[in-house]
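**Student:** Mind looking over this structure? Questions follow.
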Amino acid sequence: MISRLLSATLLALAFLVLPLAAGGVALAADPQVERIDPAVRDGHLEIDADVRFDLNDQLRDAAQRGLPLYFTADVMVTRSRWWWFDRTEVDTSITWRIIYNALTRQWRVGADELSLPVGSLDEAMDAVRHIRGWRVGKAEDFESDVRYTGRLRVRLDTSLLARPFQVNALNSSSWSPATPWTTFTFAVTRPQEAQ
């Protein structure tokens with residue numbers, strides 16, 4: 001009798017510990033901005049970033065059934081002021097649309113009106129995971145040798161989903177993955193003019 005009770009207690013404890021261990025693994029796969037590289041190219045401030053953003057099974061299944069997924073990257077750049085609140089220099093975003101067409105069996109990914117075919121959902125997600133050459137402002141709008149602070153995040157944009165999925169997103173955390181805001185700093189340096 002005591003051995004059965006002890007066995008049942010150990011089995012119940014094992015079922016409690018198993019979800020906790022699985023939850024620890026899930027935390028390791030949470031979306032995260034891994035690298036941000038602001039640079040001035042061709043007279044514009046451009047952002048290059050690498051993001052770890054894995055889709056859960058529910059989002060993968062929905063995408064494979066043809067539901068368009070929208071991912072938005074938001075960036076804010078501010079300049080600190082000692083006498084007032086920080087001044088916002090840039091507040092912009094870019095949105096990618098990922099969709100699967102079951103008739104042509106083709107994945108497409110694009111930002112704005114441009115949409116390109118890709119071979120798989122993972123290839124489509126590479127556009128979101130590896131942001132390159134995103135123009136966020138003109139270099140002339142930034143003062144030389146002044147320290148600017150920026151913040152970047154990437155999220156599944158649930159406001160662009162179909163209405164039934166927006167309701168589902170309110171009730172389920174698996175429908176609202178997002179990276180936390182990641183801070184970076186930079187200064188624009190211009191070459192000295194020869195006299």
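In the structure tokens, each chain is lettered A, B, ... as it comes, each chain's residues begin at 1, and ligands are numbered from 1 in order of appearance.
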For stretch 29-108 of chain A against stretch 158-168 of chain A, with a cut-off of 9 Å and counting only C-alpha atoms, what is the closest atom pair and its distance in Å to one decimal for every residue that makes the cut, ordered by chain and number, as CSV?
**Tutor:**
```
residue,atom,partner,partner_atom,distance
A:Leu67,CA,A:Leu161,CA,8.3
A:Pro68,CA,A:Leu161,CA,7.3
A:Leu69,CA,A:Leu161,CA,7.0
A:Tyr70,CA,A:Leu160,CA,6.6
A:Phe71,CA,A:Thr158,CA,8.6
```
**Student:** Which residues come within 10 Å of A:Leu114, counting only C-alpha atoms, excluding same-chain residues fewer than 3 positions away, as a compact mmCIF listing (two decimals) with C-alpha atoms, in the first residue's frame?
**Tutor:**
```
# COMPACT_ATOMS: atom_id res chain seq x y z
CA TRP A 96 6.83 41.75 -44.22
CA ARG A 97 4.00 39.57 -45.50
CA ARG A 108 6.01 34.38 -51.16
CA VAL A 109 7.57 37.01 -48.95
CA GLY A 110 7.64 40.74 -49.40
CA ALA A 111 7.64 44.19 -47.89
```
**Student:** Within 8 Å of A:Arg153, counting only C-alpha atoms, which residues qualify if same-chain residues fewer than 5 places away don't, as a PDB file with C-alpha atoms, in the first residue's frame?
**Tutor:**
```pdb
ATOM      1  CA  VAL A  33      17.393  40.512 -31.432  1.00  0.00           C
ATOM      2  CA  ALA A  73      10.099  45.584 -37.205  1.00  0.00           C
ATOM      3  CA  ASP A  74       9.854  48.834 -35.237  1.00  0.00           C
ATOM      4  CA  VAL A  75      12.779  51.199 -34.696  1.00  0.00           C
ATOM      5  CA  ALA A 178       7.728  39.369 -30.244  1.00  0.00           C
ATOM      6  CA  THR A 179      11.279  40.238 -29.357  1.00  0.00           C
ATOM      7  CA  PRO A 180      11.827  42.567 -26.431  1.00  0.00           C
ATOM      8  CA  TRP A 181      13.016  46.066 -27.293  1.00  0.00           C
ATOM      9  CA  THR A 182      16.778  45.942 -27.835  1.00  0.00           C
TER      10      THR A 182
END
```
**Student:** A:Glu46: which residues within 9 Å, counting only C-alpha atoms, same-chain residues fewer than 4 positions away excluded, as a PyMOL selection string?
**Tutor:** chain A and resi 37-41+132-138
**Student:** With C-alpha atoms retained, could you export that selection as an mmCIF file, in the first residue's frame?
**Tutor:**
```cif
data_model
loop_
_atom_site.group_PDB
_atom_site.id
_atom_site.type_symbol
_atom_site.label_atom_id
_atom_site.label_comp_id
_atom_site.auth_asym_id
_atom_site.auth_seq_id
_atom_site.Cartn_x
_atom_site.Cartn_y
_atom_site.Cartn_z
ATOM 1 C CA ASP A 37 24.476 47.356 -36.895
ATOM 2 C CA PRO A 38 23.544 50.964 -37.816
ATOM 3 C CA ALA A 39 25.622 52.409 -40.670
ATOM 4 C CA VAL A 40 25.601 55.393 -43.010
ATOM 5 C CA ARG A 41 25.491 54.334 -46.667
ATOM 6 C CA ARG A 132 19.686 44.213 -44.370
ATOM 7 C CA GLY A 133 19.929 47.758 -45.700
ATOM 8 C CA TRP A 134 16.776 49.081 -44.012
ATOM 9 C CA ARG A 135 16.819 52.842 -44.616
ATOM 10 C CA VAL A 136 15.401 54.572 -41.567
ATOM 11 C CA GLY A 137 16.454 58.180 -42.198
ATOM 12 C CA LYS A 138 18.712 60.596 -44.036
#
```
**Student:** Determine, counting only C-alpha atoms, which protein, DNA and RNA residues have an atom within 12 Å of an atom of A:Arg87; residues of the same chain fewer than 3 positions away are not included. Present the result as number ranges by chain.
**Tutor:** A: 76-84, 90-91, 142, 148-150
**Student:** As an exercise, work out the distance from atom CA of A:Glu113 to atom CA of A:Pro31 in Å and give it to one decimal place.
**Tutor:**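 Taking atom CA of A:Glu113 and atom CA of A:Pro31, their separation equals 26.2 Å.
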**Student:** Tell me which protein, DNA and RNA residues are within 10 Å of A:Arg129, counting only C-alpha atoms, leaving out same-chain ones fewer than 3 positions away, and put them as a tab-separated table (two decimals) with N, CA and C atoms, in the first residue's frame.
**Tutor:**
```tsv
chain	number	residue	atom	x	y	z
A	31	PRO	N	11.83	34.69	-29.15
A	31	PRO	CA	12.41	35.63	-30.12
A	31	PRO	C	13.34	36.63	-29.44
A	32	GLN	N	14.43	36.94	-30.13
A	32	GLN	CA	15.42	37.86	-29.55
A	32	GLN	C	16.23	38.52	-30.67
A	33	VAL	N	16.50	39.81	-30.52
A	33	VAL	CA	17.39	40.51	-31.43
A	33	VAL	C	18.82	40.18	-31.02
A	34	GLU	N	19.59	39.60	-31.92
A	34	GLU	CA	20.95	39.17	-31.59
A	34	GLU	C	22.01	40.19	-31.98
A	49	ALA	N	20.32	43.98	-39.06
A	49	ALA	CA	20.07	43.29	-37.78
A	49	ALA	C	19.86	41.80	-38.02
A	50	ASP	N	20.23	41.01	-37.02
A	50	ASP	CA	19.97	39.58	-37.02
A	50	ASP	C	19.06	39.28	-35.84
A	51	VAL	N	18.00	38.53	-36.12
A	51	VAL	CA	16.98	38.25	-35.13
A	51	VAL	C	16.75	36.75	-35.06
A	52	ARG	N	16.70	36.22	-33.84
A	52	ARG	CA	16.29	34.82	-33.68
A	52	ARG	C	14.78	34.83	-33.49
A	53	PHE	N	14.06	34.27	-34.47
A	53	PHE	CA	12.60	34.31	-34.44
A	53	PHE	C	12.08	32.99	-35.02
A	54	ASP	N	11.84	32.02	-34.15
A	54	ASP	CA	11.32	30.73	-34.57
A	54	ASP	C	9.81	30.70	-34.41
A	122	ASP	N	10.80	28.57	-44.02
A	122	ASP	CA	12.04	29.00	-43.37
A	122	ASP	C	12.80	30.01	-44.22
A	123	GLU	N	12.80	29.83	-45.55
A	123	GLU	CA	13.44	30.83	-46.42
A	123	GLU	C	12.70	32.15	-46.36
A	124	ALA	N	11.38	32.10	-46.26
A	124	ALA	CA	10.59	33.34	-46.13
A	124	ALA	C	10.91	34.03	-44.81
A	125	MET	N	11.07	33.25	-43.75
A	125	MET	CA	11.39	33.83	-42.44
A	125	MET	C	12.78	34.44	-42.41
A	126	ASP	N	13.67	34.04	-43.32
A	126	ASP	CA	15.01	34.63	-43.37
A	126	ASP	C	14.96	36.12	-43.65
A	132	ARG	N	18.51	43.63	-43.72
A	132	ARG	CA	19.69	44.21	-44.37
A	132	ARG	C	19.29	45.48	-45.13
A	154	VAL	N	11.05	43.19	-33.17
A	154	VAL	CA	10.37	42.51	-34.27
A	154	VAL	C	9.22	41.73	-33.66
```
**Student:** Show which residues sit within 12 Å of A:Leu103, as a PyMOL selection string. Count only C-alpha atoms, and ignore same-chain residues fewer than 4 positions away.
**Tutor:** chain A and resi 65-66+107
**Student:** Can those selected residues be exported to a file as a PDB file, in the first residue's frame so that it contains N, CA and C atoms?
**Tutor:**
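Saved to out-v1.pdb:
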```pdb
ATOM      1  N   ARG A  65      -1.484  26.482 -44.151  1.00  0.00           N
ATOM      2  CA  ARG A  65      -2.872  26.408 -44.633  1.00  0.00           C
ATOM      3  C   ARG A  65      -3.260  27.649 -45.438  1.00  0.00           C
ATOM      4  N   GLY A  66      -2.319  28.585 -45.598  1.00  0.00           N
ATOM      5  CA  GLY A  66      -2.572  29.742 -46.448  1.00  0.00           C
ATOM      6  C   GLY A  66      -2.880  31.036 -45.728  1.00  0.00           C
ATOM      7  N   TRP A 107       5.616  29.632 -51.756  1.00  0.00           N
ATOM      8  CA  TRP A 107       5.724  30.614 -50.683  1.00  0.00           C
ATOM      9  C   TRP A 107       6.142  31.946 -51.287  1.00  0.00           C
TER      10      TRP A 107
END
```
